[in-house]
$ cat target-v9.cif   # mmCIF, C-alpha atoms
data_query
loop_
_atom_site.label_atom_id
_atom_site.label_comp_id
_atom_site.auth_asym_id
_atom_site.auth_seq_id
_atom_site.Cartn_x
_atom_site.Cartn_y
_atom_site.Cartn_z
CA MET A 1 107.20 109.40 94.37
CA PRO A 2 106.94 106.63 91.73
CA VAL A 3 104.04 104.28 91.21
CA ASN A 4 103.76 101.88 94.15
CA THR A 5 100.78 99.66 93.49
CA SER A 6 101.26 97.55 96.61
CA LEU A 7 101.26 100.47 99.06
CA ALA A 8 98.52 102.31 97.16
CA ASN A 9 96.37 99.19 97.20
CA GLU A 10 96.89 98.85 100.97
CA VAL A 11 95.74 102.41 101.56
CA TRP A 12 92.82 102.00 99.18
CA CYS A 13 91.66 98.79 100.86
CA ARG A 14 91.74 100.51 104.25
CA TYR A 15 89.77 103.42 102.81
CA ALA A 16 87.20 101.03 101.32
CA TRP A 17 86.91 99.17 104.64
CA LEU A 18 86.24 102.34 106.62
CA ARG A 19 83.89 103.61 103.94
CA ASP A 20 81.77 100.45 103.96
CA ASN A 21 81.86 99.86 107.73
CA GLY A 22 80.14 102.88 109.16
CA HIS A 23 81.17 105.90 107.10
CA LEU A 24 78.54 105.48 104.37
CA ASP A 25 75.86 105.16 107.05
CA PHE A 26 77.01 108.46 108.50
CA VAL A 27 77.05 110.09 105.06
CA LYS A 28 73.47 108.97 104.36
CA LYS A 29 72.31 110.34 107.70
CA SER A 30 74.21 113.58 107.14
CA VAL A 31 72.67 114.07 103.69
CA VAL A 32 69.16 113.63 105.09
CA CYS A 33 69.86 116.07 107.93
CA GLU A 34 71.29 118.68 105.56
CA ASP A 35 68.34 118.31 103.19
CA PHE A 36 65.89 118.85 106.03
CA PHE A 37 67.89 121.83 107.23
CA VAL A 38 67.76 123.60 103.85
CA GLY A 39 64.10 122.70 103.27
CA LEU A 40 64.25 119.62 101.00
CA GLN A 41 61.95 117.62 103.28
CA TRP A 42 59.88 115.50 100.91
CA ASP A 43 60.90 112.31 99.19
CA PRO A 44 61.05 113.06 95.43
CA ASN A 45 58.86 110.04 94.61
CA ASP A 46 56.22 111.07 97.16
CA LEU A 47 56.35 114.63 95.86
CA ALA A 48 55.83 113.51 92.27
CA LEU A 49 52.90 111.29 93.29
CA LEU A 50 51.21 114.10 95.22
CA ARG A 51 51.64 116.49 92.30
CA SER A 52 50.16 113.95 89.89
CA HIS A 53 47.05 113.85 92.10
CA ARG A 54 47.05 117.65 92.46
CA ARG A 55 47.47 117.40 96.19
CA PRO A 56 49.50 119.95 98.17
CA ALA A 57 52.88 119.17 99.75
CA LEU A 58 53.66 121.95 102.20
CA THR A 59 57.13 122.55 103.67
CA ILE A 60 56.96 124.58 106.88
CA ASN A 61 60.63 124.56 107.80
CA LYS A 62 60.88 124.83 111.57
CA ILE A 63 64.30 123.14 111.67
CA ILE A 64 66.24 126.03 110.15
CA SER A 65 64.74 128.53 112.58
CA THR A 66 65.49 126.25 115.54
CA ILE A 67 69.09 125.63 114.45
CA SER A 68 69.56 129.34 113.70
CA ASN A 69 68.76 130.09 117.33
CA VAL A 70 71.32 127.53 118.48
CA MET A 71 73.96 128.89 116.10
CA GLY A 72 73.23 132.40 117.33
CA GLU A 73 73.77 131.26 120.91
CA GLN A 74 77.14 129.83 119.94
CA ILE A 75 78.19 133.10 118.33
CA PHE A 76 76.97 135.11 121.32
CA ASN A 77 78.74 132.86 123.84
CA ARG A 78 82.09 132.43 122.10
CA THR A 79 84.93 131.97 124.54
CA ASP A 80 88.31 133.68 124.49
CA ILE A 81 91.42 131.57 125.02
CA ALA A 82 94.09 132.83 127.39
CA PHE A 83 97.18 131.29 129.01
CA LYS A 84 98.08 131.42 132.70
CA PRO A 85 101.30 130.35 134.45
CA ARG A 86 100.91 127.00 136.14
CA ASN A 87 104.03 124.85 136.45
CA GLU A 88 107.17 125.65 138.41
CA GLY A 89 109.23 128.29 136.68
CA ALA A 90 106.32 129.56 134.57
CA THR A 91 105.93 133.34 134.50
CA SER A 92 103.09 135.68 133.67
CA GLU A 93 105.24 137.30 130.97
CA VAL A 94 105.51 134.01 129.08
CA ALA A 95 101.78 133.39 129.56
CA ASP A 96 100.95 136.85 128.16
CA ALA A 97 103.23 136.23 125.19
CA LEU A 98 101.53 132.90 124.46
CA THR A 99 98.12 134.55 124.69
CA LYS A 100 99.14 137.15 122.10
CA VAL A 101 100.65 134.49 119.83
CA PHE A 102 97.40 132.54 119.94
CA MET A 103 95.40 135.69 119.20
CA GLN A 104 97.59 136.26 116.14
CA ILE A 105 97.08 132.67 114.99
CA GLY A 106 93.33 133.04 115.48
CA ASP A 107 93.23 136.28 113.48
CA ASN A 108 95.26 134.79 110.61
CA ASN A 109 92.87 131.84 110.37
CA GLN A 110 89.63 133.74 111.07
CA LEU A 111 89.21 131.24 113.87
CA ASN A 112 85.89 132.61 115.11
CA TRP A 113 84.30 131.86 111.73
CA VAL A 114 85.94 128.45 111.49
CA ARG A 115 84.73 127.50 114.97
CA SER A 116 81.17 128.52 114.10
CA ASP A 117 81.28 126.56 110.83
CA VAL A 118 82.56 123.42 112.56
CA PHE A 119 79.89 123.87 115.23
CA ALA A 120 77.26 124.08 112.49
CA ASP A 121 78.60 120.86 110.93
CA GLY A 122 78.25 119.18 114.30
CA ILE A 123 74.70 120.20 115.17
CA VAL A 124 73.40 119.56 111.65
CA GLY A 125 75.23 116.37 110.65
CA SER A 126 76.55 115.22 114.08
CA ARG A 127 80.26 115.57 113.17
CA GLY A 128 82.59 118.51 112.65
CA PHE A 129 86.34 118.53 112.09
CA PHE A 130 89.25 120.96 112.33
CA ASP A 131 92.49 120.34 110.50
CA ILE A 132 95.55 121.90 112.18
CA ARG A 133 98.97 121.79 110.55
CA LEU A 134 101.89 123.97 109.47
CA ASP A 135 101.48 125.88 106.23
CA PHE A 136 104.44 127.24 104.26
CA THR A 137 102.55 129.31 101.71
CA ASP A 138 103.33 132.70 103.24
CA SER A 139 106.34 131.88 105.40
CA LEU A 140 109.27 129.55 104.87
CA ARG A 141 109.36 128.99 108.62
CA GLY A 142 105.76 127.84 108.58
CA GLU A 143 102.56 129.20 110.08
CA VAL A 144 99.78 127.43 111.96
CA ARG A 145 96.88 126.78 109.61
CA ILE A 146 93.46 125.87 111.05
CA GLU A 147 90.84 124.82 108.52
CA GLN A 148 87.39 123.28 108.47
CA LEU A 149 87.06 119.82 106.91
CA ASN A 150 83.99 118.43 105.18
CA PRO A 151 82.82 115.69 107.61
CA LYS A 152 81.80 113.49 104.67
CA ASN A 153 85.47 113.39 103.62
CA VAL A 154 86.84 112.29 106.99
CA LEU A 155 86.82 108.55 107.72
CA ILE A 156 87.36 107.54 111.36
CA ASP A 157 88.89 104.27 112.52
CA ALA A 158 85.95 101.83 112.49
CA ASP A 159 87.23 100.10 115.64
CA ALA A 160 87.54 103.31 117.68
CA ASP A 161 85.10 103.89 120.52
CA GLU A 162 86.52 106.98 122.23
CA TYR A 163 86.29 110.70 121.53
CA ASP A 164 90.05 111.32 121.82
CA PRO A 165 91.85 110.90 118.44
CA ASP A 166 94.96 109.77 120.35
CA LYS A 167 93.03 106.53 120.99
CA TRP A 168 92.26 105.98 117.29
CA GLY A 169 94.36 103.69 115.11
CA ASP A 170 94.13 105.83 112.00
CA ILE A 171 92.14 108.49 110.21
CA ILE A 172 91.67 109.14 106.50
CA ILE A 173 90.97 112.39 104.70
CA THR A 174 89.83 112.06 101.11
CA LYS A 175 89.74 115.08 98.84
CA TRP A 176 89.42 115.96 95.18
CA MET A 177 92.39 117.72 93.63
CA SER A 178 93.35 119.01 90.20
CA PRO A 179 96.59 118.04 88.42
CA ASP A 180 97.93 121.54 89.03
CA GLN A 181 97.30 121.25 92.77
CA ILE A 182 99.09 117.91 92.87
CA GLU A 183 102.03 119.38 90.95
CA MET A 184 102.28 122.28 93.39
CA LEU A 185 101.99 120.22 96.59
CA TYR A 186 103.84 117.05 95.57
CA SER A 187 105.70 116.85 92.27
CA LYS A 188 105.37 117.49 88.58
CA ALA A 189 106.13 113.86 87.74
CA ASP A 190 103.21 112.63 89.86
CA ALA A 191 100.90 115.20 88.29
CA GLU A 192 101.89 114.13 84.78
CA LEU A 193 101.10 110.50 85.62
CA LEU A 194 97.61 111.47 86.77
CA ARG A 195 96.85 114.28 84.35
CA GLY A 196 94.02 113.47 81.98
CA ARG A 197 93.40 110.04 83.52
CA GLN A 198 89.72 109.21 83.08
CA ASP A 199 89.78 105.63 84.35
CA SER A 200 91.22 104.41 87.60
CA TYR A 201 93.70 101.61 88.00
CA PHE A 202 91.57 98.47 87.89
CA PRO A 203 91.73 97.27 91.56
CA TYR A 204 90.16 100.49 92.81
CA GLY A 205 86.93 100.59 90.84
CA TYR A 206 84.56 103.45 90.17
CA ASP A 207 84.95 105.13 93.54
CA SER A 208 88.43 106.44 92.83
CA ILE A 209 87.09 108.67 90.05
CA ASP A 210 83.48 109.06 91.21
CA ARG A 211 82.44 112.72 90.95
CA ASP A 212 79.31 112.99 93.11
CA ARG A 213 80.39 115.32 95.88
CA ASP A 214 79.48 118.55 97.67
CA ARG A 215 80.07 121.47 95.33
CA PHE A 216 78.43 124.65 94.00
CA GLY A 217 77.47 123.01 90.73
CA ARG A 218 75.49 119.86 90.09
CA PRO A 219 77.25 116.50 90.52
CA ARG A 220 78.95 115.41 87.33
CA SER A 221 78.42 111.92 86.01
CA MET A 222 81.51 109.79 85.47
CA TYR A 223 80.02 108.66 82.16
CA THR A 224 79.53 112.12 80.68
CA TYR A 225 82.50 113.90 82.21
CA SER A 226 84.90 113.28 79.32
CA THR A 227 82.62 115.20 76.92
CA GLY A 228 81.97 118.08 79.30
CA PRO A 229 83.09 121.66 78.66
CA ASP A 230 85.87 121.42 81.26
CA SER A 231 87.32 118.14 80.00
CA GLY A 232 91.11 118.18 80.23
CA ASP A 233 91.18 121.37 82.31
CA ASN A 234 94.15 121.28 84.68
CA ASN A 235 92.10 123.13 87.30
CA THR A 236 89.30 120.58 87.33
CA ARG A 237 89.32 118.63 90.56
CA ASN A 238 88.82 115.16 89.15
CA ILE A 239 91.47 113.13 91.02
CA ARG A 240 90.61 111.52 94.35
CA VAL A 241 93.50 111.87 96.80
CA ILE A 242 93.47 109.68 99.91
CA GLU A 243 95.50 110.93 102.86
CA ARG A 244 95.97 108.39 105.64
CA GLN A 245 97.50 109.14 109.03
CA TRP A 246 98.04 105.90 110.91
CA ARG A 247 99.93 104.54 113.86
CA LYS A 248 102.86 102.21 113.28
CA LEU A 249 105.29 100.61 115.72
CA ASP A 250 108.84 101.91 115.55
CA ARG A 251 111.88 101.49 117.80
CA VAL A 252 113.49 104.90 118.25
CA LEU A 253 116.08 106.56 120.46
CA HIS A 254 114.90 108.38 123.58
CA PHE A 255 116.59 110.67 126.06
CA VAL A 256 116.17 109.40 129.62
CA ASP A 257 116.47 111.59 132.69
CA VAL A 258 118.46 109.39 135.08
CA GLY A 259 117.04 111.15 138.13
CA THR A 260 113.30 111.25 137.28
CA GLY A 261 113.01 108.51 134.65
CA ASP A 262 111.22 110.85 132.20
CA THR A 263 111.80 110.04 128.54
CA ARG A 264 111.66 112.19 125.43
CA MET A 265 112.13 111.02 121.87
CA VAL A 266 115.26 112.21 120.11
CA PRO A 267 114.14 114.51 117.27
CA PRO A 268 114.16 112.52 114.01
CA ASP A 269 116.32 115.09 112.21
CA TRP A 270 119.13 114.94 114.77
CA ASP A 271 122.25 113.10 113.67
CA ALA A 272 124.61 111.20 115.99
CA GLN A 273 126.93 114.20 116.39
CA ARG A 274 124.18 116.52 117.56
CA THR A 275 122.77 113.89 119.90
CA ALA A 276 126.20 113.34 121.46
CA ALA A 277 126.66 117.10 121.92
CA HIS A 278 123.33 117.35 123.72
CA LEU A 279 124.29 114.46 126.03
CA SER A 280 127.58 116.14 126.86
CA GLN A 281 125.76 119.35 127.79
CA ASN A 282 123.26 117.45 129.96
CA PRO A 283 125.09 114.84 132.05
CA ASN A 284 121.85 113.77 133.74
CA LEU A 285 120.59 112.34 130.43
CA ALA A 286 121.17 108.92 128.91
CA LEU A 287 120.07 107.19 125.71
CA THR A 288 117.79 104.20 125.30
CA LYS A 289 115.82 102.62 122.48
CA LYS A 290 112.10 102.39 123.06
CA LEU A 291 109.28 100.77 121.08
CA VAL A 292 106.58 103.37 120.45
CA GLN A 293 103.67 104.05 118.14
CA ARG A 294 104.53 106.79 115.68
CA ILE A 295 102.26 108.38 113.13
CA ARG A 296 102.91 107.40 109.54
CA TRP A 297 101.63 109.75 106.84
CA THR A 298 100.75 108.21 103.48
CA VAL A 299 99.06 110.00 100.57
CA VAL A 300 97.98 108.20 97.40
CA ALA A 301 96.09 109.07 94.23
CA ASP A 302 94.94 106.01 92.33
CA ASN A 303 98.07 103.79 92.15
CA VAL A 304 100.51 106.71 92.57
CA VAL A 305 102.03 107.26 96.03
CA LEU A 306 102.37 111.01 96.49
CA HIS A 307 103.89 110.93 99.98
CA ASP A 308 104.96 108.28 102.50
CA ASP A 309 106.97 109.29 105.56
CA TRP A 310 106.79 109.72 109.32
CA SER A 311 104.50 112.55 110.42
CA PRO A 312 106.27 115.58 111.91
CA TYR A 313 103.45 115.86 114.48
CA LYS A 314 102.84 113.96 117.70
CA HIS A 315 99.10 113.81 117.07
CA PHE A 316 96.73 113.50 114.13
CA THR A 317 96.16 116.83 112.41
CA VAL A 318 92.39 116.22 112.61
CA VAL A 319 90.54 117.47 115.69
CA PRO A 320 86.89 116.33 115.98
CA TYR A 321 83.78 117.99 117.39
CA PHE A 322 80.74 115.86 118.26
CA PRO A 323 77.70 117.52 119.94
CA TYR A 324 76.78 114.21 121.60
CA PHE A 325 79.02 111.16 121.71
CA ARG A 326 78.10 107.72 123.01
CA ARG A 327 80.73 105.02 122.46
CA GLY A 328 81.36 105.57 118.79
CA ARG A 329 77.89 106.95 118.02
CA THR A 330 77.67 110.64 117.17
CA VAL A 331 74.39 112.52 117.51
CA GLY A 332 73.49 116.01 116.33
CA LEU A 333 70.39 118.12 116.78
CA VAL A 334 68.69 117.89 113.39
CA GLU A 335 68.26 114.11 113.29
CA ASN A 336 65.89 114.22 116.26
CA LEU A 337 63.87 117.04 114.70
CA ILE A 338 63.14 115.12 111.48
CA GLY A 339 60.13 113.21 112.86
CA PRO A 340 58.32 116.28 114.26
CA GLN A 341 59.10 118.17 111.04
CA GLU A 342 57.58 115.40 108.89
CA LEU A 343 54.52 115.34 111.14
CA LEU A 344 54.05 119.10 110.74
CA ASN A 345 54.46 118.98 106.97
CA LYS A 346 52.12 116.03 106.40
CA VAL A 347 49.39 117.11 108.80
CA SER A 348 49.42 120.65 107.41
CA SER A 349 49.29 119.32 103.85
CA GLN A 350 46.37 117.04 104.69
CA GLU A 351 44.49 119.86 106.38
CA LEU A 352 44.97 122.05 103.31
CA HIS A 353 43.82 119.21 101.05
CA VAL A 354 40.66 118.74 103.11
CA VAL A 355 39.93 122.46 103.02
CA ASN A 356 40.52 122.60 99.26
CA THR A 357 38.20 119.66 98.56
CA THR A 358 35.32 120.75 100.83
CA ALA A 359 35.06 124.48 100.18
CA ASN A 360 32.35 125.24 97.53
CA SER A 361 32.33 121.63 96.42
CA GLY A 362 28.54 121.09 96.63
CA TRP A 363 26.71 118.11 98.14
CA LYS A 364 26.69 114.49 97.10
CA VAL A 365 23.31 112.74 97.52
CA LYS A 366 21.48 109.81 95.93
CA SER A 367 19.64 110.41 92.69
CA VAL A 368 16.07 111.85 93.11
CA ALA A 369 16.56 111.89 96.89
CA LEU A 370 15.73 115.57 96.96
CA ASP A 371 12.79 115.43 94.50
CA LEU A 372 9.47 116.72 95.94
CA PRO A 373 6.46 114.34 96.09
CA ALA A 374 3.80 114.72 93.40
CA GLY A 375 1.19 117.35 94.13
CA VAL A 376 3.31 119.33 96.50
#

$ encode --input "target-v9.cif" --output "structure tokens"
Amino acid sequence: MPVNTSLANEVWCRYAWLRDNGHLDFVKKSVVCEDFFVGLQWDPNDLALLRSHRRPALTINKIISTISNVMGEQIFNRTDIAFKPRNEGATSEVADALTKVFMQIGDNNQLNWVRSDVFADGIVGSRGFFDIRLDFTDSLRGEVRIEQLNPKNVLIDADADEYDPDKWGDIIITKWMSPDQIEMLYSKADAELLRGRQDSYFPYGYDSIDRDRDRFGRPRSMYTYSTGPDSGDNNTRNIRVIERQWRKLDRVLHFVDVGTGDTRMVPPDWDAQRTAAHLSQNPNLALTKKLVQRIRWTVVADNVVLHDDWSPYKHFTVVPYFPYFRRGRTVGLVENLIGPQELLNKVSSQELHVVNTTANSGWKVKSVALDLPAGV
């Protein structure tokens, strides 16, 4: 799609609002929890000060062993999903077929591993996310793709206060993509507009090309990136893509069952001829226009709109997991272990310091206090 600064600016402003109204607080908490989990449990300034005074700073990581036990319990107690006939007309044959289809979907996506990874995200950082959508990489008819999302890249509606995403107004996924990825998923023209761009369009500021993110290598500075060894590489993920799924009012045609009053939306890809044919085959149905909230799907990169259309899904593709949820507040396990862990580290370090400074250190007394009297 061409450059659309107005729409891109709208999406960016919403992203910035969600980022600055709760998401950055979550990210800071998540970073601290992850650091404590992997063993980075001392403030760098405190650590430097202790080293300058030649004092010990012990790290006795009890958090990773505790969380490992919890993760092991999750693996040991994994549940299997099966379908059973319930409604009128449902048969066990259909239920068995659905069970096998789901097993095939799970095997294709290594669902057991994905579930464990999302569970780990939840207990460590307090939030985990699945992303479920159709993927056309291996099949032109599409296959169900279930992936794990980085919780730091998922921005939840700041006004939401319920667990169910169907009650959220919108959700944003931000990711870093290379020009080649954008060309493959969207269009070559969009990729050419963004290829080699080192500065963002001015309303968006540094954040649109900021490069501090979770990765195998060290975070790259935006000031030194252009002189790096991978400068200009089409595989370098240096373009921030913002994907927003949001609810928008729309008046659309619905089928109405005259007898029961049930309504179903007419599929968006049906033309008038196909709709009329369906009505003729089902005389108990009628048509009506109904105002509903549909999901709009907008993807932007800087001031380039990569995609803007109605979502083909009835729900957001993002499915959350929160270990504990209290009216918009998510709580994991690690954050409540930080205090006891700091106590253990500091007390143990102080004990070692006392032992080091008292063993074989001699006695301190006043001058001549131990001298013998004359004549003795």

$ closest_residue --input "target-v9.cif" --among "A:Ser187, A:Arg329, A:Arg51, A:His278" --to "Gly22 in chain A" --atoms "only C-alpha atoms"
A:Arg329

$ resolve_selection --input "target-v9.cif" --expression "the PyMOL selection byres ((chain A and resi 7) around 10)" --output "number ranges by chain"
A: 3-6, 8-13, 298-300, 303-305, 308

$ residues_around --input "target-v9.cif" --residues "range 312-318 of chain A" --least-positions-apart "5" --cutoff "8 Å" --atoms "only C-alpha atoms" --output "list in words"
Phe129, Phe130, Asp131, Ile132, Arg133, Pro165, Asp166, Ile171, Gln245, Arg294 and Ile295 of chain A

$ residues_around --input "target-v9.cif" --residues "range 52-56 of chain A" --least-positions-apart "6" --cutoff "9 Å" --atoms "all atoms listed in the file" --output "list in words"
Ser349, Gln350, Leu352 and His353 of chain A

$ resolve_selection --input "target-v9.cif" --expression "the PyMOL selection byres ((chain A and resi 145) around 8)" --output "list in words"
Ile105, Asn109, Asp131, Ile132, Arg133, Leu134, Asp135, Glu143, Val144, Ile146 and Glu147 of chain A

$ closest_residue --input "target-v9.cif" --among "A:Asp190, A:Glu73, A:Asp35, A:Asp121" --to "Ala301 in chain A" --atoms "only C-alpha atoms"
A:Asp190

$ atom_distance --input "target-v9.cif" --atom1 "CA of Asn87 in chain A" --atom2 "CA of Arg115 in chain A"
29.0 Å

$ atom_distance --input "target-v9.cif" --atom1 "CA of Trp168 in chain A" --atom2 "CA of Trp297 in chain A"
14.5 Å

$ atom_distance --input "target-v9.cif" --atom1 "CA of Gly259 in chain A" --atom2 "CA of Leu287 in chain A"
13.4 Å

$ closest_residue --input "target-v9.cif" --among "A:Ile81, A:Cys33, A:Leu140, A:Val258" --to "Ile67 in chain A" --atoms "all atoms listed in the file"
A:Cys33

$ residues_around --input "target-v9.cif" --residues "Leu40 in chain A" --least-positions-apart "2" --cutoff "12 Å" --atoms "only C-alpha atoms" --output "PyMOL selection string"
chain A and resi 31-38+42-44+47+57-61+63-64+338+341-342+345

$ closest_residue --input "target-v9.cif" --among "A:Met177, A:Leu111, A:Ser348, A:Ser116" --to "Asn77 in chain A" --atoms "all atoms listed in the file"
A:Ser116
